[in-house]
$ cat final30.pdb   # PDB, C-alpha atoms and all ligand atoms
ATOM      1  CA  MET B   1     -12.768 -10.113  11.589
ATOM      2  CA  ASN B   2     -14.395 -12.220   8.900
ATOM      3  CA  THR B   3     -12.608 -11.164   5.783
ATOM      4  CA  LEU B   4      -9.124 -10.249   7.033
ATOM      5  CA  ARG B   5      -6.455 -11.973   9.088
ATOM      6  CA  LEU B   6      -3.753 -10.075  10.971
ATOM      7  CA  GLU B   7      -0.554 -11.849  12.020
ATOM      8  CA  ARG B   8       1.985 -10.058  14.142
ATOM      9  CA  GLU B   9       5.722 -10.839  14.142
ATOM     10  CA  GLY B  10       7.316  -8.221  16.408
ATOM     11  CA  ALA B  11       7.532  -4.904  14.560
ATOM     12  CA  LEU B  12       6.095  -6.510  11.404
ATOM     13  CA  ALA B  13       2.465  -7.441  10.713
ATOM     14  CA  ILE B  14       0.957  -9.322   7.788
ATOM     15  CA  LEU B  15      -2.609  -8.479   6.830
ATOM     16  CA  THR B  16      -4.191 -11.135   4.621
ATOM     17  CA  PHE B  17      -7.397 -10.707   2.633
ATOM     18  CA  GLN B  18      -9.232 -13.958   3.094
ATOM     19  CA  ARG B  19     -12.209 -14.225   0.787
ATOM     20  CA  PRO B  20     -10.462 -16.580  -1.643
ATOM     21  CA  ASP B  21     -13.658 -18.034  -3.169
ATOM     22  CA  LYS B  22     -14.384 -14.510  -4.509
ATOM     23  CA  LEU B  23     -10.735 -13.777  -5.297
ATOM     24  CA  ASN B  24     -10.768 -11.389  -2.289
ATOM     25  CA  ALA B  25     -13.163  -8.959  -4.006
ATOM     26  CA  LEU B  26     -13.787  -5.829  -1.932
ATOM     27  CA  ASN B  27     -17.333  -5.388  -0.684
ATOM     28  CA  ALA B  28     -18.516  -2.978   2.027
ATOM     29  CA  GLU B  29     -17.805  -5.542   4.763
ATOM     30  CA  VAL B  30     -14.168  -5.963   3.691
ATOM     31  CA  LEU B  31     -13.701  -2.195   3.420
ATOM     32  CA  GLN B  32     -15.242  -1.612   6.848
ATOM     33  CA  GLU B  33     -13.094  -4.307   8.439
ATOM     34  CA  LEU B  34     -10.026  -2.841   6.724
ATOM     35  CA  HIS B  35     -10.962   0.602   8.046
ATOM     36  CA  GLN B  36     -11.271  -0.742  11.581
ATOM     37  CA  VAL B  37      -7.991  -2.642  11.532
ATOM     38  CA  LEU B  38      -6.084   0.320  10.037
ATOM     39  CA  GLU B  39      -7.479   2.661  12.699
ATOM     40  CA  GLU B  40      -6.137   0.297  15.348
ATOM     41  CA  LEU B  41      -2.762  -0.169  13.646
ATOM     42  CA  GLN B  42      -2.160   3.560  13.191
ATOM     43  CA  GLU B  43      -2.071   3.901  16.995
ATOM     44  CA  ASP B  44       0.373   0.999  17.417
ATOM     45  CA  SER B  45       3.762   2.598  17.937
ATOM     46  CA  ASP B  46       5.554  -0.790  18.158
ATOM     47  CA  LEU B  47       4.472  -1.721  14.645
ATOM     48  CA  ARG B  48       6.824  -0.512  11.900
ATOM     49  CA  VAL B  49       5.965  -2.433   8.734
ATOM     50  CA  LEU B  50       2.675  -3.797   7.402
ATOM     51  CA  ILE B  51       2.571  -6.282   4.508
ATOM     52  CA  LEU B  52      -0.706  -6.727   2.613
ATOM     53  CA  HIS B  53      -1.323 -10.068   0.990
ATOM     54  CA  GLY B  54      -4.182 -12.104  -0.505
ATOM     55  CA  GLU B  55      -5.126 -15.693   0.245
ATOM     56  CA  GLY B  56      -5.693 -18.086  -2.663
ATOM     57  CA  ARG B  57      -5.365 -17.227  -6.363
ATOM     58  CA  ALA B  58      -5.434 -13.438  -6.088
ATOM     59  CA  PHE B  59      -4.127 -10.441  -4.239
ATOM     60  CA  VAL B  60      -7.501  -8.725  -4.719
ATOM     61  CA  ALA B  61      -9.572  -9.055  -7.947
ATOM     62  CA  GLY B  62     -11.302  -5.701  -7.487
ATOM     63  CA  ALA B  63     -14.359  -4.106  -6.002
ATOM     64  CA  ASP B  64     -17.182  -6.615  -5.626
ATOM     65  CA  ILE B  65     -19.027  -6.716  -8.945
ATOM     66  CA  ARG B  66     -22.089  -8.436  -7.500
ATOM     67  CA  ALA B  67     -22.411  -5.771  -4.791
ATOM     68  CA  MET B  68     -22.046  -2.946  -7.337
ATOM     69  CA  SER B  69     -24.570  -4.469  -9.734
ATOM     70  CA  GLY B  70     -27.492  -3.506  -7.467
ATOM     71  CA  MET B  71     -26.360   0.041  -6.668
ATOM     72  CA  ASP B  72     -28.045   3.317  -7.550
ATOM     73  CA  ALA B  73     -26.078   6.573  -7.866
ATOM     74  CA  ALA B  74     -26.449   7.477  -4.166
ATOM     75  CA  GLN B  75     -25.159   4.075  -3.069
ATOM     76  CA  ALA B  76     -22.376   4.268  -5.658
ATOM     77  CA  VAL B  77     -21.028   7.553  -4.303
ATOM     78  CA  ARG B  78     -21.085   6.161  -0.748
ATOM     79  CA  PHE B  79     -19.216   3.033  -1.896
ATOM     80  CA  ALA B  80     -16.568   5.051  -3.782
ATOM     81  CA  ARG B  81     -16.151   7.437  -0.829
ATOM     82  CA  LEU B  82     -15.767   4.512   1.587
ATOM     83  CA  GLY B  83     -13.073   2.934  -0.588
ATOM     84  CA  GLN B  84     -11.278   6.278  -1.023
ATOM     85  CA  GLN B  85     -11.376   6.993   2.719
ATOM     86  CA  VAL B  86     -10.020   3.581   3.645
ATOM     87  CA  PHE B  87      -7.235   3.745   1.044
ATOM     88  CA  ASP B  88      -6.337   7.304   2.171
ATOM     89  CA  LEU B  89      -6.048   5.977   5.715
ATOM     90  CA  LEU B  90      -3.821   3.154   4.441
ATOM     91  CA  GLU B  91      -1.624   5.590   2.516
ATOM     92  CA  ALA B  92      -1.253   7.876   5.537
ATOM     93  CA  LEU B  93      -0.399   5.115   8.049
ATOM     94  CA  PRO B  94       2.716   6.008  10.031
ATOM     95  CA  GLN B  95       4.068   2.516   9.295
ATOM     96  CA  VAL B  96       5.665   1.423   6.022
ATOM     97  CA  THR B  97       3.180  -0.565   3.937
ATOM     98  CA  ILE B  98       4.154  -3.169   1.346
ATOM     99  CA  ALA B  99       1.739  -4.805  -1.096
ATOM    100  CA  ALA B 100       2.850  -8.391  -1.807
ATOM    101  CA  VAL B 101       1.028  -9.013  -5.080
ATOM    102  CA  HIS B 102       0.447 -12.390  -6.707
ATOM    103  CA  GLY B 103      -2.290 -13.580  -9.043
ATOM    104  CA  PHE B 104      -4.817 -10.865  -9.824
ATOM    105  CA  ALA B 105      -4.596  -7.235  -8.690
ATOM    106  CA  LEU B 106      -7.388  -5.703 -10.715
ATOM    107  CA  GLY B 107      -9.513  -2.578 -10.262
ATOM    108  CA  GLY B 108      -9.809  -1.938  -6.522
ATOM    109  CA  GLY B 109      -7.029  -4.500  -5.969
ATOM    110  CA  MET B 110      -4.590  -2.444  -8.006
ATOM    111  CA  GLU B 111      -5.865   0.724  -6.297
ATOM    112  CA  LEU B 112      -5.197  -0.951  -2.942
ATOM    113  CA  ALA B 113      -1.637  -1.812  -3.976
ATOM    114  CA  MET B 114      -1.117   1.760  -5.194
ATOM    115  CA  ALA B 115      -2.078   3.140  -1.761
ATOM    116  CA  CYS B 116       0.854   1.187  -0.257
ATOM    117  CA  ASP B 117       4.386   2.569  -0.030
ATOM    118  CA  VAL B 118       6.026  -0.297  -1.936
ATOM    119  CA  ARG B 119       4.682  -2.825  -4.433
ATOM    120  CA  VAL B 120       6.323  -6.226  -4.674
ATOM    121  CA  VAL B 121       4.799  -8.048  -7.635
ATOM    122  CA  GLU B 122       5.245 -11.583  -8.925
ATOM    123  CA  ARG B 123       6.396 -11.830 -12.538
ATOM    124  CA  THR B 124       3.223 -13.723 -13.513
ATOM    125  CA  ALA B 125       0.740 -11.497 -11.618
ATOM    126  CA  ARG B 126      -1.987  -9.761 -13.630
ATOM    127  CA  LEU B 127      -2.624  -6.097 -12.961
ATOM    128  CA  GLY B 128      -5.067  -3.667 -14.504
ATOM    129  CA  GLN B 129      -7.891  -1.188 -14.155
ATOM    130  CA  PRO B 130     -10.634  -3.013 -16.108
ATOM    131  CA  GLU B 131     -13.492  -0.763 -14.920
ATOM    132  CA  VAL B 132     -14.305   0.743 -18.346
ATOM    133  CA  ARG B 133     -15.034  -2.781 -19.591
ATOM    134  CA  LEU B 134     -17.833  -2.849 -17.016
ATOM    135  CA  GLY B 135     -19.070   0.620 -17.963
ATOM    136  CA  LEU B 136     -17.369   2.092 -14.888
ATOM    137  CA  ILE B 137     -14.304   4.133 -14.027
ATOM    138  CA  PRO B 138     -11.887   3.481 -11.145
ATOM    139  CA  GLY B 139     -13.584   4.778  -7.993
ATOM    140  CA  PHE B 140     -11.052   4.196  -5.220
ATOM    141  CA  ALA B 141      -8.657   6.971  -6.382
ATOM    142  CA  GLY B 142      -7.120   4.916  -9.197
ATOM    143  CA  THR B 143      -7.524   7.756 -11.694
ATOM    144  CA  GLN B 144      -5.294   9.873  -9.432
ATOM    145  CA  ARG B 145      -2.771   7.454  -7.924
ATOM    146  CA  LEU B 146      -1.945   5.681 -11.196
ATOM    147  CA  SER B 147      -0.954   8.959 -12.898
ATOM    148  CA  ARG B 148       1.199   9.883  -9.936
ATOM    149  CA  LEU B 149       2.976   6.542  -9.973
ATOM    150  CA  VAL B 150       3.548   5.985 -13.671
ATOM    151  CA  GLY B 151       2.650   9.291 -15.387
ATOM    152  CA  THR B 152      -0.503  10.300 -17.225
ATOM    153  CA  GLY B 153       0.486   8.507 -20.446
ATOM    154  CA  TRP B 154       0.565   5.018 -18.933
ATOM    155  CA  ALA B 155      -2.396   5.884 -16.682
ATOM    156  CA  ARG B 156      -4.536   6.875 -19.661
ATOM    157  CA  TYR B 157      -3.399   3.854 -21.667
ATOM    158  CA  LEU B 158      -4.198   1.397 -18.861
ATOM    159  CA  ILE B 159      -7.460   2.980 -17.675
ATOM    160  CA  LEU B 160      -8.882   3.807 -21.126
ATOM    161  CA  THR B 161      -8.241   0.319 -22.513
ATOM    162  CA  GLY B 162      -8.855  -1.698 -19.331
ATOM    163  CA  ILE B 163      -6.142  -4.169 -20.404
ATOM    164  CA  GLN B 164      -4.310  -6.429 -17.985
ATOM    165  CA  ILE B 165      -0.527  -6.342 -17.783
ATOM    166  CA  THR B 166       1.847  -8.858 -16.214
ATOM    167  CA  GLY B 167       3.867  -8.229 -13.083
ATOM    168  CA  GLU B 168       6.933  -8.042 -15.284
ATOM    169  CA  GLU B 169       5.389  -5.215 -17.358
ATOM    170  CA  ALA B 170       4.190  -3.474 -14.194
ATOM    171  CA  HIS B 171       7.778  -3.517 -12.955
ATOM    172  CA  ARG B 172       9.055  -2.158 -16.265
ATOM    173  CA  ILE B 173       6.723   0.866 -16.189
ATOM    174  CA  GLY B 174       7.387   1.663 -12.527
ATOM    175  CA  LEU B 175       4.062   0.440 -11.168
ATOM    176  CA  ALA B 176       5.938  -2.170  -9.117
ATOM    177  CA  GLU B 177       9.232  -1.421  -7.428
ATOM    178  CA  VAL B 178      10.235  -5.038  -6.730
ATOM    179  CA  LEU B 179       9.795  -7.993  -9.070
ATOM    180  CA  ALA B 180       9.472 -11.460  -7.524
ATOM    181  CA  GLU B 181       9.330 -14.948  -9.021
ATOM    182  CA  GLU B 182       6.027 -16.830  -8.892
ATOM    183  CA  GLY B 183       5.186 -17.855  -5.329
ATOM    184  CA  GLN B 184       7.822 -15.508  -3.853
ATOM    185  CA  ALA B 185       5.933 -12.216  -3.299
ATOM    186  CA  LEU B 186       5.552 -12.633   0.437
ATOM    187  CA  GLU B 187       9.186 -13.679   0.893
ATOM    188  CA  ALA B 188      10.378 -10.748  -1.234
ATOM    189  CA  ALA B 189       8.146  -8.380   0.777
ATOM    190  CA  ARG B 190       9.709  -9.679   3.988
ATOM    191  CA  LYS B 191      13.145  -8.802   2.583
ATOM    192  CA  VAL B 192      11.975  -5.237   1.921
ATOM    193  CA  ALA B 193      10.558  -5.139   5.467
ATOM    194  CA  ALA B 194      13.902  -6.328   6.871
ATOM    195  CA  GLU B 195      15.679  -3.416   5.145
ATOM    196  CA  VAL B 196      13.173  -0.913   6.575
ATOM    197  CA  LEU B 197      13.588  -2.416  10.045
ATOM    198  CA  LYS B 198      17.351  -1.759   9.974
ATOM    199  CA  ALA B 199      16.763   1.986   9.566
ATOM    200  CA  GLY B 200      16.002   4.672  12.136
ATOM    201  CA  PRO B 201      12.313   4.260  13.065
ATOM    202  CA  THR B 202      11.586   7.953  13.539
ATOM    203  CA  ALA B 203      13.495   8.856  10.381
ATOM    204  CA  VAL B 204      11.516   6.323   8.326
ATOM    205  CA  ALA B 205       8.135   7.501   9.654
ATOM    206  CA  LEU B 206       9.054  11.137   9.135
ATOM    207  CA  ALA B 207      10.466  10.565   5.644
ATOM    208  CA  LYS B 208       7.179   8.958   4.614
ATOM    209  CA  ARG B 209       5.185  11.834   6.052
ATOM    210  CA  VAL B 210       7.330  14.489   4.342
ATOM    211  CA  ILE B 211       7.127  12.713   0.963
ATOM    212  CA  LEU B 212       3.353  12.367   1.090
ATOM    213  CA  ARG B 213       2.422  15.713   2.648
ATOM    214  CA  GLY B 214       5.022  17.541   0.589
ATOM    215  CA  ARG B 215       3.545  16.158  -2.644
ATOM    216  CA  ASP B 216       0.596  18.562  -2.436
ATOM    217  CA  MET B 217       2.635  21.624  -1.374
ATOM    218  CA  PRO B 218       4.381  24.217  -3.557
ATOM    219  CA  PHE B 219       8.020  23.097  -3.954
ATOM    220  CA  ALA B 220       9.532  25.842  -1.782
ATOM    221  CA  VAL B 221       7.040  25.168   1.029
ATOM    222  CA  ALA B 222       7.785  21.433   0.814
ATOM    223  CA  GLU B 223      11.507  22.198   1.020
ATOM    224  CA  ALA B 224      10.968  24.241   4.186
ATOM    225  CA  TYR B 225       8.892  21.389   5.637
ATOM    226  CA  GLU B 226      11.684  18.949   4.769
ATOM    227  CA  ALA B 227      14.332  21.138   6.460
ATOM    228  CA  GLU B 228      12.185  21.507   9.610
ATOM    229  CA  SER B 229      11.642  17.751   9.733
ATOM    230  CA  PHE B 230      15.366  17.139   9.177
ATOM    231  CA  ALA B 231      16.075  19.462  12.108
ATOM    232  CA  TYR B 232      13.357  17.883  14.276
ATOM    233  CA  LEU B 233      15.141  14.534  14.056
ATOM    234  CA  PHE B 234      18.119  16.068  15.871
ATOM    235  CA  THR B 235      15.872  16.601  18.895
ATOM    236  CA  THR B 236      15.063  12.867  19.073
ATOM    237  CA  GLY B 237      18.591  11.474  19.483
ATOM    238  CA  GLU B 238      18.144   9.247  16.447
ATOM    239  CA  PRO B 239      20.633  10.882  14.058
ATOM    240  CA  GLN B 240      23.148  11.225  16.882
ATOM    241  CA  GLU B 241      23.024   7.439  17.322
ATOM    242  CA  GLY B 242      22.972   6.701  13.575
ATOM    243  CA  LEU B 243      25.910   8.974  12.794
ATOM    244  CA  ARG B 244      27.943   7.759  15.789
ATOM    245  CA  ALA B 245      27.280   4.113  14.903
ATOM    246  CA  PHE B 246      28.567   4.734  11.376
ATOM    247  CA  LEU B 247      31.744   6.364  12.674
ATOM    248  CA  GLU B 248      32.250   3.578  15.219
ATOM    249  CA  LYS B 249      31.671   0.933  12.490
ATOM    250  CA  ARG B 250      28.832  -0.794  14.348
ATOM    251  CA  ALA B 251      25.090  -1.298  13.858
ATOM    252  CA  ALA B 252      22.906   1.478  15.266
ATOM    253  CA  ARG B 253      20.899   0.770  18.405
ATOM    254  CA  TRP B 254      17.664   2.672  17.867
ATOM    255  CA  VAL B 255      15.418   3.897  20.625
ATOM    256  CA  LYS B 256      12.108   4.749  19.053
ATOM    257  CA  GLU B 257      10.570   8.166  19.664
ATOM    258  CA  ASP B 258       7.153   9.053  18.310
ATOM    259  CA  ALA B 259       7.593  11.286  15.261
TER     260      ALA B 259
HETATM  261  N1  LIG T   1     -16.240  -9.123  -7.687
HETATM  262  C1  LIG T   1     -17.001 -10.134  -7.272
HETATM  263  N2  LIG T   1     -16.702 -11.421  -7.477
HETATM  264  C2  LIG T   1     -15.566 -11.672  -8.141
HETATM  265  C3  LIG T   1     -14.703 -10.661  -8.604
HETATM  266  C4  LIG T   1     -15.088  -9.339  -8.352
HETATM  267  N3  LIG T   1     -14.334  -8.295  -8.721
HETATM  268  N4  LIG T   1     -13.673 -11.237  -9.240
HETATM  269  C5  LIG T   1     -13.868 -12.548  -9.162
HETATM  270  N5  LIG T   1     -15.010 -12.826  -8.498
HETATM  271  C6  LIG T   1     -15.601 -14.139  -8.195
HETATM  272  C7  LIG T   1     -16.227 -14.762  -9.432
HETATM  273  O1  LIG T   1     -17.526 -14.238  -9.646
HETATM  274  C8  LIG T   1     -16.222 -16.216  -9.036
HETATM  275  O2  LIG T   1     -17.284 -16.434  -8.122
HETATM  276  P1  LIG T   1     -18.291 -17.690  -8.322
HETATM  277  O3  LIG T   1     -17.400 -18.884  -8.149
HETATM  278  O4  LIG T   1     -19.278 -17.512  -7.218
HETATM  279  O5  LIG T   1     -18.851 -17.549  -9.698
HETATM  280  C9  LIG T   1     -14.914 -16.348  -8.264
HETATM  281  O6  LIG T   1     -14.573 -15.039  -7.827
HETATM  282  C10 LIG T   1     -13.770 -16.881  -9.091
HETATM  283  O7  LIG T   1     -13.631 -16.075 -10.235
HETATM  284  P2  LIG T   1     -13.653 -16.657 -11.737
HETATM  285  O8  LIG T   1     -14.081 -15.532 -12.642
HETATM  286  O9  LIG T   1     -14.423 -17.925 -11.798
HETATM  287  O10 LIG T   1     -12.112 -16.981 -11.923
HETATM  288  P3  LIG T   1     -11.281 -16.980 -13.297
HETATM  289  O11 LIG T   1      -9.940 -17.540 -12.970
HETATM  290  O12 LIG T   1     -12.059 -17.611 -14.389
HETATM  291  O13 LIG T   1     -11.104 -15.433 -13.685
HETATM  292  C11 LIG T   1     -10.612 -13.107 -13.252
HETATM  293  C12 LIG T   1     -10.361 -14.586 -12.861
HETATM  294  C13 LIG T   1      -9.905 -12.229 -12.221
HETATM  295  C14 LIG T   1     -10.022 -12.832 -14.648
HETATM  296  C15 LIG T   1     -12.131 -12.828 -13.271
HETATM  297  O14 LIG T   1     -12.695 -13.290 -12.036
HETATM  298  C16 LIG T   1     -12.470 -11.368 -13.418
HETATM  299  O15 LIG T   1     -12.391 -10.829 -14.507
HETATM  300  N6  LIG T   1     -12.893 -10.727 -12.290
HETATM  301  C17 LIG T   1     -13.319  -9.369 -12.305
HETATM  302  C18 LIG T   1     -12.140  -8.425 -12.350
HETATM  303  C19 LIG T   1     -12.622  -6.996 -12.447
HETATM  304  O16 LIG T   1     -13.213  -6.566 -13.416
HETATM  305  N7  LIG T   1     -12.336  -6.232 -11.369
HETATM  306  C20 LIG T   1     -12.676  -4.836 -11.293
HETATM  307  C21 LIG T   1     -14.020  -4.639 -10.725
HETATM  308  S1  LIG T   1     -14.449  -2.925 -10.778
END
$ encode --input "final30.pdb" --output "structure tokens"
Amino acid sequence: MNTLRLEREGALAILTFQRPDKLNALNAEVLQELHQVLEELQEDSDLRVLILHGEGRAFVAGADIRAMSGMDAAQAVRFARLGQQVFDLLEALPQVTIAAVHGFALGGGMELAMACDVRVVERTARLGQPEVRLGLIPGFAGTQRLSRLVGTGWARYLILTGIQITGEEAHRIGLAEVLAEEGQALEAARKVAAEVLKAGPTAVALAKRVILRGRDMPFAVAEAYEAESFAYLFTTGEPQEGLRAFLEKRAARWVKEDA
């Protein structure tokens, strides 16, 4: 891989965007490499948490403006579809994904962070969807994910003005769940990962799946899906261990089953 670096630490992996001279801007090569690495990681049943991070001054400063400047409409739709597909794959990963955001997370960079399960953002980071300032709109599902995360009011305000907000503001409006001091995003993301790693692996993977798949179902259907998933866990041995460990006042010893 040219544009990404994957480091594995047991059940945790850190995926770093490494095109720092272009503030990790997303061109087709980066998106294709991301697609390939995510396809591999989704099959890795020993991996439980993936942290996304950017090398240099930015998390990711957006889709590559130079690449987009030469596109016609047919190329533009292919580029948007590629980005959407890759971010959908990221969102649907069975592992827990954490965006560790510092510096700039603009346009496609913010859309990338929004496709993760948790956003850890440094107080001084700069986030925004500046596409309209370039005569564009968000094309990697930002128009949809931003509304779902922060409501249509904030989504319209941010997308229609293209303004940048700080990490602190992003945290205040619910765009970031964890606020970190400058230089501490990766460390704070590791702390979130450590909490996830204490929990039942099958329960965590299933909870993620029920939240995301249930989102697009009628409420009563989603409730039935939740109850079936809740019941399924009792066939894996995981709740039996978790409940017993609580009663015996000890840490649970998980044996991972594939959910
Ligand atoms: N696409 C392509 N290249 C980008 C980029 C992007 N989205 N964002 C930054 N870069 C490149 C710059 O062109 C520059 O390359 P160069 O050294 O070859 O000229 C390099 O990264 C450093 O960026 P620079 O603009 O010099 O840094 P800065 O600190 O002055 O400004 C930003 C930082 C993030 C404010 C500014 O780069 C910016 O506005 N980027 C575009 C953000 C954007 O609109 N993203 C959404 C795209 S749809």
$ closest_residue --input "final30.pdb" --among "B:Glu187, B:Glu43, B:Glu241, B:Asp64" --to "ligand LIG 1 (chain T)" --atoms "all atoms listed in the file"
B:Asp64
$ resolve_selection --input "final30.pdb" --expression "the PyMOL selection byres (((chain B and resi 28) around 9) and not hetatm)" --output "number ranges by chain"
B: 26-27, 29-33, 64, 67, 79, 82-83
$ write_last_selection --input "final30.pdb" --atoms "C-alpha atoms" --output "compact mmCIF listing (two decimals), keeping the file's coordinate frame"
# COMPACT_ATOMS: atom_id res chain seq x y z
CA LEU B 26 -13.79 -5.83 -1.93
CA ASN B 27 -17.33 -5.39 -0.68
CA GLU B 29 -17.80 -5.54 4.76
CA VAL B 30 -14.17 -5.96 3.69
CA LEU B 31 -13.70 -2.19 3.42
CA GLN B 32 -15.24 -1.61 6.85
CA GLU B 33 -13.09 -4.31 8.44
CA ASP B 64 -17.18 -6.62 -5.63
CA ALA B 67 -22.41 -5.77 -4.79
CA PHE B 79 -19.22 3.03 -1.90
CA LEU B 82 -15.77 4.51 1.59
CA GLY B 83 -13.07 2.93 -0.59
$ residues_around --input "final30.pdb" --residues "Glu9 of chain B" --least-positions-apart "2" --cutoff "12 Å" --atoms "only C-alpha atoms" --output "PDB file with C-alpha atoms, in the coordinates of the input"
ATOM      1  CA  LEU B   6      -3.753 -10.075  10.971  1.00  0.00           C
ATOM      2  CA  GLU B   7      -0.554 -11.849  12.020  1.00  0.00           C
ATOM      3  CA  ALA B  11       7.532  -4.904  14.560  1.00  0.00           C
ATOM      4  CA  LEU B  12       6.095  -6.510  11.404  1.00  0.00           C
ATOM      5  CA  ALA B  13       2.465  -7.441  10.713  1.00  0.00           C
ATOM      6  CA  ILE B  14       0.957  -9.322   7.788  1.00  0.00           C
ATOM      7  CA  LEU B  15      -2.609  -8.479   6.830  1.00  0.00           C
ATOM      8  CA  ASP B  46       5.554  -0.790  18.158  1.00  0.00           C
ATOM      9  CA  LEU B  47       4.472  -1.721  14.645  1.00  0.00           C
ATOM     10  CA  ARG B  48       6.824  -0.512  11.900  1.00  0.00           C
ATOM     11  CA  VAL B  49       5.965  -2.433   8.734  1.00  0.00           C
ATOM     12  CA  LEU B  50       2.675  -3.797   7.402  1.00  0.00           C
ATOM     13  CA  ILE B  51       2.571  -6.282   4.508  1.00  0.00           C
ATOM     14  CA  ARG B 190       9.709  -9.679   3.988  1.00  0.00           C
ATOM     15  CA  ALA B 193      10.558  -5.139   5.467  1.00  0.00           C
ATOM     16  CA  ALA B 194      13.902  -6.328   6.871  1.00  0.00           C
TER      17      ALA B 194
END
$ residues_near_ligand --input "final30.pdb" --ligand "ligand LIG 1 (chain T)" --cutoff "9 Å" --atoms "only C-alpha atoms and all ligand atoms" --output "PyMOL selection string"
chain B and resi 19-27+57-58+60-68+103-109+126+128-134+136-139+162
$ residues_around --input "final30.pdb" --residues "Val192 of chain B" --least-positions-apart "3" --cutoff "12 Å" --atoms "only C-alpha atoms" --output "PyMOL selection string"
chain B and resi 12+49-51+96-100+117-120+177-180+185-189+195-199
$ build_atoms --input "final30.pdb" --residues "segment 69-82 of chain B" --atoms "N, CA and C atoms" --output "compact mmCIF listing (two decimals), keeping the file's coordinate frame"
# COMPACT_ATOMS: atom_id res chain seq x y z
N SER B 69 -23.55 -4.30 -8.70
CA SER B 69 -24.57 -4.47 -9.73
C SER B 69 -25.95 -4.00 -9.28
N GLY B 70 -26.17 -3.95 -7.94
CA GLY B 70 -27.49 -3.51 -7.47
C GLY B 70 -27.52 -2.06 -7.00
N MET B 71 -26.44 -1.31 -7.26
CA MET B 71 -26.36 0.04 -6.67
C MET B 71 -27.04 1.10 -7.53
N ASP B 72 -27.63 2.10 -6.84
CA ASP B 72 -28.04 3.32 -7.55
C ASP B 72 -26.94 4.37 -7.35
N ALA B 73 -27.15 5.56 -7.90
CA ALA B 73 -26.08 6.57 -7.87
C ALA B 73 -25.72 6.97 -6.43
N ALA B 74 -26.72 7.06 -5.55
CA ALA B 74 -26.45 7.48 -4.17
C ALA B 74 -25.62 6.41 -3.45
N GLN B 75 -25.94 5.15 -3.69
CA GLN B 75 -25.16 4.08 -3.07
C GLN B 75 -23.75 4.02 -3.68
N ALA B 76 -23.68 4.32 -4.98
CA ALA B 76 -22.38 4.27 -5.66
C ALA B 76 -21.43 5.31 -5.09
N VAL B 77 -21.92 6.51 -4.82
CA VAL B 77 -21.03 7.55 -4.30
C VAL B 77 -20.58 7.18 -2.89
N ARG B 78 -21.48 6.58 -2.11
CA ARG B 78 -21.08 6.16 -0.75
C ARG B 78 -20.01 5.07 -0.81
N PHE B 79 -20.17 4.14 -1.76
CA PHE B 79 -19.22 3.03 -1.90
C PHE B 79 -17.84 3.58 -2.32
N ALA B 80 -17.84 4.48 -3.32
CA ALA B 80 -16.57 5.05 -3.78
C ALA B 80 -15.91 5.84 -2.65
N ARG B 81 -16.70 6.63 -1.92
CA ARG B 81 -16.15 7.44 -0.83
C ARG B 81 -15.58 6.55 0.28
N LEU B 82 -16.26 5.44 0.56
CA LEU B 82 -15.77 4.51 1.59
C LEU B 82 -14.41 3.96 1.16
